[in-house]
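Asks: Take this structure, written in C-alpha cells, and hold onto it; I'll ask about it next.
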Amino acid sequence: MAPTPSTPRVLTLTLNPSIDVSTTTEKVRPEHKLRCSSALLDAGGGGINVSRVVRELGAMTLAIYPEGGITGSLLTQRLAARGIPSAAVSCRARTRVCFNASDTSAGHEYRFILPGVRLEPDELASCLDRVDAELTDADVLVASGSLPPGVPEDLYAQLTRRVRARGVKVVLDTSGPALRTALGSGLLLVKPSRREMAEAMGEPLQDLRSLAAACRKVQRSGAAEVLAVSMGSEGAILTSSSGQWLGVPPKVEARSAVGAGDSFVGAMTLSLLRGEPHDVALAWASAAGAAALLAPGTELCSRADAERLRSQVKVTPVE
C-alpha cells in the first residue's frame with residue numbers, strides 16, 4: 001500500500017550506514033575456499049533499515065545518511081530501487097561493507113560487521129543540518145545504529161535536545177555510551193536489547209524479574225516515555241507510565257536475524273505515532289520482528305507476514 005499525505009512521516013538518521021552483502025555456503029570451515037551462492041547487496045544500517053520497514057508498512061519516510069565512494073553510491077542506488085526517499089550527505093571516506101553468510105548444513109548465520117569509516121566534523125555538521133532542514137514535515141526522528149569514528153559519544157543526546165526543541169519526537173536505538181548519555185534527553189522511545197540494558201545498568205539482569213524491575217526504574221527516572229527491551233526469542237518488555245507488558249511472538253522458522261530489531265522499532269514507532277495503546281504497539285512490534293526472521297539474508301519484515309503474525313503474539317501485563 002502506498003503512503004498518503006495523512007500517514008505519519010518518519011525521518012531516519014543513520015550515521016554509520018553500510019552495504020550489506022548476504023550469501024549462503026554449504027559449510028563454514030577454516031582454511032577452505034567456501035563456495036557461495038550469488039550475493040545479495042542491500043542498503044543497511046539501523047535507520048536505513050527502519051526507513052525500509054516504515055515504507056513497507058505503508059507510511060512516509062526519508063532516510064538521511066552520509067555516503068562516500070562507489071559503495072556509498074551503490075547504497076543510494078539500492079534505496080532508490082526500493083522506492084525509499086533518501087537524502088545522502090557526501091563524505092570523503094568510502095561507505096563500509098558488512099557481510100552475512102549462512103551455513104546451510106548447520107543452519108548457522110555468521111555476521112561480519114566492519115568498523116565504520118571516520119566522519120569528519122564538517123560532514124557530521126552537514127548531516128545534522130540536513131536533519132534540521134527536514135524537521136518541518138516530520139512527525140518523528142528515528143536515530144539508529146552505532147556512531148562512527150570521529151563523532152562525540154554524546155551526539156545522540158545533543159541531537160535529541162536539538163530536535164525536541166523543534167517539537168519533533170525522537171526514537172533512539174543504539175548502545176554503549178551513546179545510549180547512556182542520551183537517556184533522559186526527551187526520548188519518545190528507546191529500544192535496547194537485554195544485553196545493552198544490562199551494560200547500561202551495570203547489572204546482569206539475567207532473569208525476567210530483575211529485568212522488569214530495572215526497566216521500571218529507568219523509565220520512571222525520565223529516561224524515555226516508552227522503554228522497550230528486546231530479549232530475542234523470549235520476546236520483549238515494554239515499560240511506560242501506562243504499565244508494563246511482556247510480548248512473546250510466535251515461534252517461526254528463522255531464515256535470518258538481520259533487521260529483526262529494526263523491524264521491531266519501525267512497527268512500534270508507527271503504532272505510537274498513531275496513538276495506539278502501548279500493549280497494542282508491543283504486539284505490532286513483536287509481530288514485525290518475528291516477520292523479519294522469515295525473510296532471507298538482508299530482507300526485512302513484510303507487511304503481509306507482520307499482519308498475519310499479529311494475532312499470534314501473546315501480550316501479558318508484568319506483575
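Residue numbers start at 1 in each chain; chains themselves are named A, B, ... in the order of the C-alpha cells; ligands are numbered from 1 in the order shown.
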What's the 7 Å shell around range 45-51 of chain A, counting only C-alpha atoms, without same-chain residues fewer than 6 positions away, as a ChimeraX atom specification?
Replies: /A:12-14,16-18,61-63,142-145,259,262-263,265-266
Asks: Considering only C-alpha atoms, return as a ChimeraX atom specification whatever protein or nucleic-acid residues lie within 7 Å of Ala138 in chain A, sequence-local ones (same chain, fewer than 5 positions apart) excluded.
Replies: /A:9-11,168
Asks: Save out the residues we just selected, N, CA and C atoms, as a PDB file, in the first residue's frame.
Replies:
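Output (again.pdb):
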```
ATOM      1  N   ARG A   9       4.992  10.633   8.992  1.00  0.00           N
ATOM      2  CA  ARG A   9       6.240  10.762   8.240  1.00  0.00           C
ATOM      3  C   ARG A   9       7.395  10.558   9.207  1.00  0.00           C
ATOM      4  N   VAL A  10       8.181   9.549   8.917  1.00  0.00           N
ATOM      5  CA  VAL A  10       9.278   9.142   9.789  1.00  0.00           C
ATOM      6  C   VAL A  10      10.601   9.522   9.139  1.00  0.00           C
ATOM      7  N   LEU A  11      11.323  10.389   9.802  1.00  0.00           N
ATOM      8  CA  LEU A  11      12.658  10.781   9.364  1.00  0.00           C
ATOM      9  C   LEU A  11      13.651   9.866  10.067  1.00  0.00           C
ATOM     10  N   VAL A 168       9.592  17.984  17.538  1.00  0.00           N
ATOM     11  CA  VAL A 168       9.538  16.679  16.873  1.00  0.00           C
ATOM     12  C   VAL A 168       9.995  15.599  17.847  1.00  0.00           C
TER      13      VAL A 168
END
```
Asks: Hey, which of A:Leu183, A:Ala88, A:Glu225, A:Ala267 ends up closest to Glu307 in chain A? Count only C-alpha atoms.
Replies: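 The shortest atom-to-atom distance to Glu307 in chain A comes from A:Ala267.
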Asks: If we count only C-alpha atoms and set the cut-off at 10 Å, which residues sit around Glu120 in chain A, ignoring sequence neighbours fewer than 2 positions away in its own chain? Please answer as a ChimeraX atom specification.
Replies: /A:91-93,117-118,122-126,148-151
Asks: Just write the chosen residues, N, CA, C and O atoms, as a PDB file, in the first residue's frame.
Replies:
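Generated output (again.pdb):
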```
ATOM      1  N   CYS A  91      30.443  12.350   1.807  1.00  0.00           N
ATOM      2  CA  CYS A  91      31.596  12.345   2.702  1.00  0.00           C
ATOM      3  C   CYS A  91      32.803  11.785   1.956  1.00  0.00           C
ATOM      4  O   CYS A  91      32.665  11.149   0.912  1.00  0.00           O
ATOM      5  N   ARG A  92      33.967  12.000   2.503  1.00  0.00           N
ATOM      6  CA  ARG A  92      35.196  11.667   1.783  1.00  0.00           C
ATOM      7  C   ARG A  92      35.557  10.183   1.860  1.00  0.00           C
ATOM      8  O   ARG A  92      36.108   9.627   0.917  1.00  0.00           O
ATOM      9  N   ALA A  93      35.273   9.534   2.983  1.00  0.00           N
ATOM     10  CA  ALA A  93      35.626   8.122   3.154  1.00  0.00           C
ATOM     11  C   ALA A  93      34.576   7.225   2.507  1.00  0.00           C
ATOM     12  O   ALA A  93      33.396   7.565   2.435  1.00  0.00           O
ATOM     13  N   VAL A 117      33.523   4.066   8.875  1.00  0.00           N
ATOM     14  CA  VAL A 117      34.557   4.999   8.439  1.00  0.00           C
ATOM     15  C   VAL A 117      34.439   6.298   9.228  1.00  0.00           C
ATOM     16  O   VAL A 117      33.374   6.632   9.758  1.00  0.00           O
ATOM     17  N   ARG A 118      35.531   7.010   9.332  1.00  0.00           N
ATOM     18  CA  ARG A 118      35.554   8.246  10.100  1.00  0.00           C
ATOM     19  C   ARG A 118      34.672   9.302   9.448  1.00  0.00           C
ATOM     20  O   ARG A 118      34.723   9.516   8.239  1.00  0.00           O
ATOM     21  N   ASP A 122      32.995  18.511   9.592  1.00  0.00           N
ATOM     22  CA  ASP A 122      32.162  19.227   8.624  1.00  0.00           C
ATOM     23  C   ASP A 122      31.113  18.319   8.013  1.00  0.00           C
ATOM     24  O   ASP A 122      29.995  18.750   7.697  1.00  0.00           O
ATOM     25  N   GLU A 123      31.438  17.025   7.882  1.00  0.00           N
ATOM     26  CA  GLU A 123      30.475  16.061   7.339  1.00  0.00           C
ATOM     27  C   GLU A 123      29.363  15.785   8.341  1.00  0.00           C
ATOM     28  O   GLU A 123      28.178  15.689   7.970  1.00  0.00           O
ATOM     29  N   LEU A 124      29.726  15.655   9.613  1.00  0.00           N
ATOM     30  CA  LEU A 124      28.713  15.487  10.657  1.00  0.00           C
ATOM     31  C   LEU A 124      27.807  16.705  10.704  1.00  0.00           C
ATOM     32  O   LEU A 124      26.569  16.564  10.794  1.00  0.00           O
ATOM     33  N   ALA A 125      28.391  17.900  10.630  1.00  0.00           N
ATOM     34  CA  ALA A 125      27.576  19.121  10.653  1.00  0.00           C
ATOM     35  C   ALA A 125      26.606  19.152   9.486  1.00  0.00           C
ATOM     36  O   ALA A 125      25.451  19.574   9.636  1.00  0.00           O
ATOM     37  N   SER A 126      27.032  18.685   8.330  1.00  0.00           N
ATOM     38  CA  SER A 126      26.150  18.655   7.152  1.00  0.00           C
ATOM     39  C   SER A 126      24.991  17.687   7.361  1.00  0.00           C
ATOM     40  O   SER A 126      23.852  17.962   6.957  1.00  0.00           O
ATOM     41  N   PRO A 148      29.916   6.363  14.192  1.00  0.00           N
ATOM     42  CA  PRO A 148      31.197   6.110  13.526  1.00  0.00           C
ATOM     43  C   PRO A 148      32.331   6.857  14.211  1.00  0.00           C
ATOM     44  O   PRO A 148      32.091   7.769  15.016  1.00  0.00           O
ATOM     45  N   PRO A 149      33.572   6.496  13.916  1.00  0.00           N
ATOM     46  CA  PRO A 149      34.708   7.243  14.454  1.00  0.00           C
ATOM     47  C   PRO A 149      34.612   8.724  14.081  1.00  0.00           C
ATOM     48  O   PRO A 149      34.146   9.073  13.001  1.00  0.00           O
ATOM     49  N   GLY A 150      35.036   9.567  15.014  1.00  0.00           N
ATOM     50  CA  GLY A 150      35.018  10.999  14.768  1.00  0.00           C
ATOM     51  C   GLY A 150      33.792  11.701  15.295  1.00  0.00           C
ATOM     52  O   GLY A 150      33.706  12.931  15.233  1.00  0.00           O
ATOM     53  N   VAL A 151      32.825  10.944  15.830  1.00  0.00           N
ATOM     54  CA  VAL A 151      31.576  11.528  16.330  1.00  0.00           C
ATOM     55  C   VAL A 151      31.576  11.476  17.855  1.00  0.00           C
ATOM     56  O   VAL A 151      31.868  10.434  18.445  1.00  0.00           O
TER      57      VAL A 151
END
```
Asks: With a distance cut-off of 10 Å and only C-alpha atoms, select the neighbouring residues of Lys251 in chain A, excluding the residue or stretch itself and same-chain residues fewer than 5 positions from it, and output the selection as a PDB file with N, CA and C atoms, in the first residue's frame.
Replies:
```
ATOM      1  N   SER A 233      14.335 -14.563  21.267  1.00  0.00           N
ATOM      2  CA  SER A 233      13.182 -15.459  21.140  1.00  0.00           C
ATOM      3  C   SER A 233      12.251 -15.420  22.344  1.00  0.00           C
ATOM      4  N   GLU A 234      12.730 -14.848  23.473  1.00  0.00           N
ATOM      5  CA  GLU A 234      11.892 -14.750  24.677  1.00  0.00           C
ATOM      6  C   GLU A 234      10.906 -13.593  24.597  1.00  0.00           C
ATOM      7  N   ALA A 290       9.243 -10.771  14.407  1.00  0.00           N
ATOM      8  CA  ALA A 290       9.148 -12.179  14.029  1.00  0.00           C
ATOM      9  C   ALA A 290       9.060 -12.339  12.521  1.00  0.00           C
ATOM     10  N   LEU A 309       1.010 -12.485  11.622  1.00  0.00           N
ATOM     11  CA  LEU A 309       1.543 -12.920  12.918  1.00  0.00           C
ATOM     12  C   LEU A 309       1.009 -12.105  14.091  1.00  0.00           C
ATOM     13  N   GLN A 312      -1.031 -13.711  16.693  1.00  0.00           N
ATOM     14  CA  GLN A 312      -0.374 -14.812  17.378  1.00  0.00           C
ATOM     15  C   GLN A 312       0.593 -14.348  18.471  1.00  0.00           C
ATOM     16  N   VAL A 313       0.768 -13.038  18.588  1.00  0.00           N
ATOM     17  CA  VAL A 313       1.640 -12.507  19.635  1.00  0.00           C
ATOM     18  C   VAL A 313       0.882 -12.517  20.970  1.00  0.00           C
TER      19      VAL A 313
END
```
Asks: Excluding same-chain residues fewer than 2 positions from Arg274 in chain A, what lies within 12 Å of it counting only C-alpha atoms, as a list in words?
Replies: Ser6, Thr7, Pro8, Arg9, Ala59, Asp139, Val140, Ala267, Met268, Thr269, Leu270, Ser271, Leu272, Glu276, Pro277, His278, Val280 and Ala281 of chain A
Asks: Using only C-alpha atoms, find the one residue out of A:Cys98, A:Ser22, A:Leu15, A:Leu282 that sits nearest to Leu147 in chain A.
Replies: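 Selected residue with least distance to Leu147 in chain A: A:Leu15.
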Asks: I'd like the neighbourhood of range 192-196 of chain A as a list in words, where a residue qualifies if any of its atoms comes within 8 Å (using only C-alpha atoms), though same-chain residues fewer than 6 positions away should be ignored.
Replies: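 These residues fall inside the cut-off: Asp173, Thr174, Ser175, Gly176, Leu205, Leu211, Ala228, Val229, Ser230 and Met231 of chain A.
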Asks: Go ahead and write the residues just picked, C-alpha atoms, as an mmCIF file, in the first residue's frame.
Replies:
```
data_model
loop_
_atom_site.group_PDB
_atom_site.id
_atom_site.type_symbol
_atom_site.label_atom_id
_atom_site.label_comp_id
_atom_site.auth_asym_id
_atom_site.auth_seq_id
_atom_site.Cartn_x
_atom_site.Cartn_y
_atom_site.Cartn_z
ATOM 1 C CA ASP A 173 18.106 2.583 19.066
ATOM 2 C CA THR A 174 21.798 2.364 19.944
ATOM 3 C CA SER A 175 24.106 1.017 22.637
ATOM 4 C CA GLY A 176 27.054 1.791 24.908
ATOM 5 C CA LEU A 205 19.627 -8.748 34.521
ATOM 6 C CA LEU A 211 14.977 -7.009 34.092
ATOM 7 C CA ALA A 228 11.185 -1.451 25.090
ATOM 8 C CA VAL A 229 13.823 -4.086 25.834
ATOM 9 C CA SER A 230 14.184 -6.950 23.380
ATOM 10 C CA MET A 231 15.081 -10.457 24.588
#
```
Asks: Nearest to Lys314 in chain A among A:Gly275, A:Gly44, A:Pro85, A:Gly247, with distances taken over only C-alpha atoms: which residue is it?
Replies: A:Gly247
Asks: DSSP says strand (DSSP E) for which residues of range 70-307 of chain A? Put them as a ChimeraX atom specification?
Replies: /A:86-90,96-103,108-112,140-144,169-173,187-190,224-230,236-240,243-248
Asks: Would you write out those residues with N, CA and C atoms, as a compact mmCIF listing (two decimals), in the first residue's frame?
Replies:
```txt
# COMPACT_ATOMS: atom_id res chain seq x y z
N SER A 86 15.52 9.31 -0.09
CA SER A 86 16.73 9.45 0.71
C SER A 86 17.34 10.84 0.53
N ALA A 87 18.18 11.21 1.50
CA ALA A 87 18.91 12.47 1.46
C ALA A 87 20.34 12.15 1.87
N ALA A 88 21.17 11.81 0.88
CA ALA A 88 22.55 11.43 1.15
C ALA A 88 23.42 12.67 1.29
N VAL A 89 24.30 12.64 2.28
CA VAL A 89 25.26 13.71 2.50
C VAL A 89 26.63 13.19 2.10
N SER A 90 27.27 13.84 1.17
CA SER A 90 28.55 13.38 0.65
C SER A 90 29.64 13.43 1.73
N ARG A 96 31.24 1.75 4.37
CA ARG A 96 31.70 0.41 4.73
C ARG A 96 30.82 -0.67 4.10
N VAL A 97 31.34 -1.89 4.11
CA VAL A 97 30.61 -3.08 3.65
C VAL A 97 30.58 -4.08 4.80
N CYS A 98 29.40 -4.65 5.07
CA CYS A 98 29.25 -5.70 6.07
C CYS A 98 28.81 -6.99 5.37
N PHE A 99 29.10 -8.11 5.99
CA PHE A 99 28.94 -9.39 5.31
C PHE A 99 28.16 -10.37 6.17
N ASN A 100 27.19 -11.03 5.56
CA ASN A 100 26.34 -12.00 6.25
C ASN A 100 26.37 -13.31 5.46
N ALA A 101 26.76 -14.41 6.13
CA ALA A 101 26.83 -15.72 5.46
C ALA A 101 26.08 -16.75 6.28
N SER A 102 25.27 -17.55 5.61
CA SER A 102 24.52 -18.62 6.28
C SER A 102 25.09 -19.97 5.88
N ASP A 103 25.31 -20.81 6.88
CA ASP A 103 25.80 -22.17 6.70
C ASP A 103 24.58 -23.08 6.53
N HIS A 108 23.45 -22.24 10.73
CA HIS A 108 24.02 -21.13 11.47
C HIS A 108 24.20 -19.90 10.57
N GLU A 109 24.14 -18.74 11.20
CA GLU A 109 24.32 -17.50 10.47
C GLU A 109 25.53 -16.77 11.05
N TYR A 110 26.38 -16.28 10.16
CA TYR A 110 27.59 -15.57 10.56
C TYR A 110 27.52 -14.14 10.04
N ARG A 111 27.71 -13.19 10.95
CA ARG A 111 27.60 -11.78 10.58
C ARG A 111 28.91 -11.07 10.88
N PHE A 112 29.52 -10.51 9.84
CA PHE A 112 30.80 -9.83 9.96
C PHE A 112 30.56 -8.33 9.79
N VAL A 140 8.45 12.35 13.54
CA VAL A 140 9.41 11.74 14.46
C VAL A 140 10.74 11.58 13.73
N LEU A 141 11.81 11.64 14.51
CA LEU A 141 13.14 11.29 14.01
C LEU A 141 13.56 10.00 14.69
N VAL A 142 13.92 9.00 13.90
CA VAL A 142 14.47 7.76 14.43
C VAL A 142 15.98 7.79 14.18
N ALA A 143 16.76 7.89 15.27
CA ALA A 143 18.21 7.84 15.18
C ALA A 143 18.62 6.44 15.60
N SER A 144 19.26 5.72 14.70
CA SER A 144 19.50 4.30 14.97
C SER A 144 20.86 3.87 14.46
N LYS A 169 9.28 14.48 17.87
CA LYS A 169 9.61 13.37 18.77
C LYS A 169 10.86 12.65 18.27
N VAL A 170 11.54 11.95 19.20
CA VAL A 170 12.76 11.23 18.85
C VAL A 170 12.70 9.80 19.38
N VAL A 171 13.06 8.86 18.52
CA VAL A 171 13.20 7.45 18.88
C VAL A 171 14.68 7.10 18.73
N LEU A 172 15.22 6.37 19.70
CA LEU A 172 16.64 6.03 19.67
C LEU A 172 16.85 4.54 19.82
N ASP A 173 17.72 3.99 18.97
CA ASP A 173 18.11 2.58 19.07
C ASP A 173 19.61 2.51 18.88
N LEU A 187 13.39 11.51 25.05
CA LEU A 187 13.09 10.49 24.04
C LEU A 187 11.65 10.00 24.14
N LEU A 188 11.04 9.76 22.98
CA LEU A 188 9.74 9.09 22.94
C LEU A 188 9.91 7.60 23.23
N LEU A 189 10.87 6.99 22.56
CA LEU A 189 11.08 5.55 22.67
C LEU A 189 12.57 5.26 22.61
N VAL A 190 13.01 4.35 23.47
CA VAL A 190 14.36 3.82 23.37
C VAL A 190 14.25 2.30 23.41
N ALA A 224 12.95 7.90 29.13
CA ALA A 224 12.16 7.93 27.89
C ALA A 224 10.70 7.71 28.25
N GLU A 225 9.80 8.18 27.38
CA GLU A 225 8.38 7.92 27.61
C GLU A 225 8.09 6.43 27.56
N VAL A 226 8.70 5.76 26.61
CA VAL A 226 8.49 4.32 26.43
C VAL A 226 9.86 3.64 26.35
N LEU A 227 10.02 2.57 27.12
CA LEU A 227 11.24 1.77 27.10
C LEU A 227 10.87 0.37 26.67
N ALA A 228 11.44 -0.10 25.58
CA ALA A 228 11.18 -1.45 25.09
C ALA A 228 12.51 -2.19 25.05
N VAL A 229 12.60 -3.30 25.77
CA VAL A 229 13.82 -4.09 25.83
C VAL A 229 13.58 -5.43 25.16
N SER A 230 14.36 -5.71 24.12
CA SER A 230 14.18 -6.95 23.38
C SER A 230 15.00 -8.07 24.02
N ALA A 236 9.86 -9.41 24.32
CA ALA A 236 10.29 -8.06 24.68
C ALA A 236 9.42 -7.54 25.81
N ILE A 237 10.00 -6.65 26.61
CA ILE A 237 9.27 -5.98 27.69
C ILE A 237 9.11 -4.52 27.32
N LEU A 238 7.88 -4.01 27.39
CA LEU A 238 7.61 -2.59 27.18
C LEU A 238 7.19 -1.98 28.51
N THR A 239 7.81 -0.86 28.85
CA THR A 239 7.51 -0.16 30.11
C THR A 239 7.21 1.30 29.81
N SER A 240 6.09 1.78 30.35
CA SER A 240 5.72 3.19 30.21
C SER A 240 4.93 3.60 31.43
N GLY A 243 1.93 1.33 32.10
CA GLY A 243 2.05 -0.03 32.60
C GLY A 243 3.27 -0.72 32.03
N GLN A 244 3.33 -2.02 32.27
CA GLN A 244 4.45 -2.83 31.78
C GLN A 244 3.90 -4.15 31.23
N TRP A 245 4.38 -4.53 30.03
CA TRP A 245 3.87 -5.72 29.37
C TRP A 245 5.01 -6.55 28.81
N LEU A 246 4.77 -7.84 28.76
CA LEU A 246 5.67 -8.78 28.10
C LEU A 246 5.01 -9.23 26.80
N GLY A 247 5.72 -9.10 25.70
CA GLY A 247 5.21 -9.55 24.42
C GLY A 247 6.04 -10.73 23.92
N VAL A 248 5.38 -11.85 23.68
CA VAL A 248 6.06 -13.06 23.20
C VAL A 248 5.56 -13.40 21.81
```
Asks: As number ranges by chain, list the residues of range 84-228 of chain A assigned to alpha helix (DSSP H) by DSSP on the backbone atoms of this structure.
Replies: A: 121-134, 155-164, 176-182, 194-201, 208-220
Asks: Which residue, A:Asp42, A:Asp305, A:Arg220, A:Val54, has the smallest gap to Gly72 in chain A when you use only C-alpha atoms?
Replies: A:Asp42
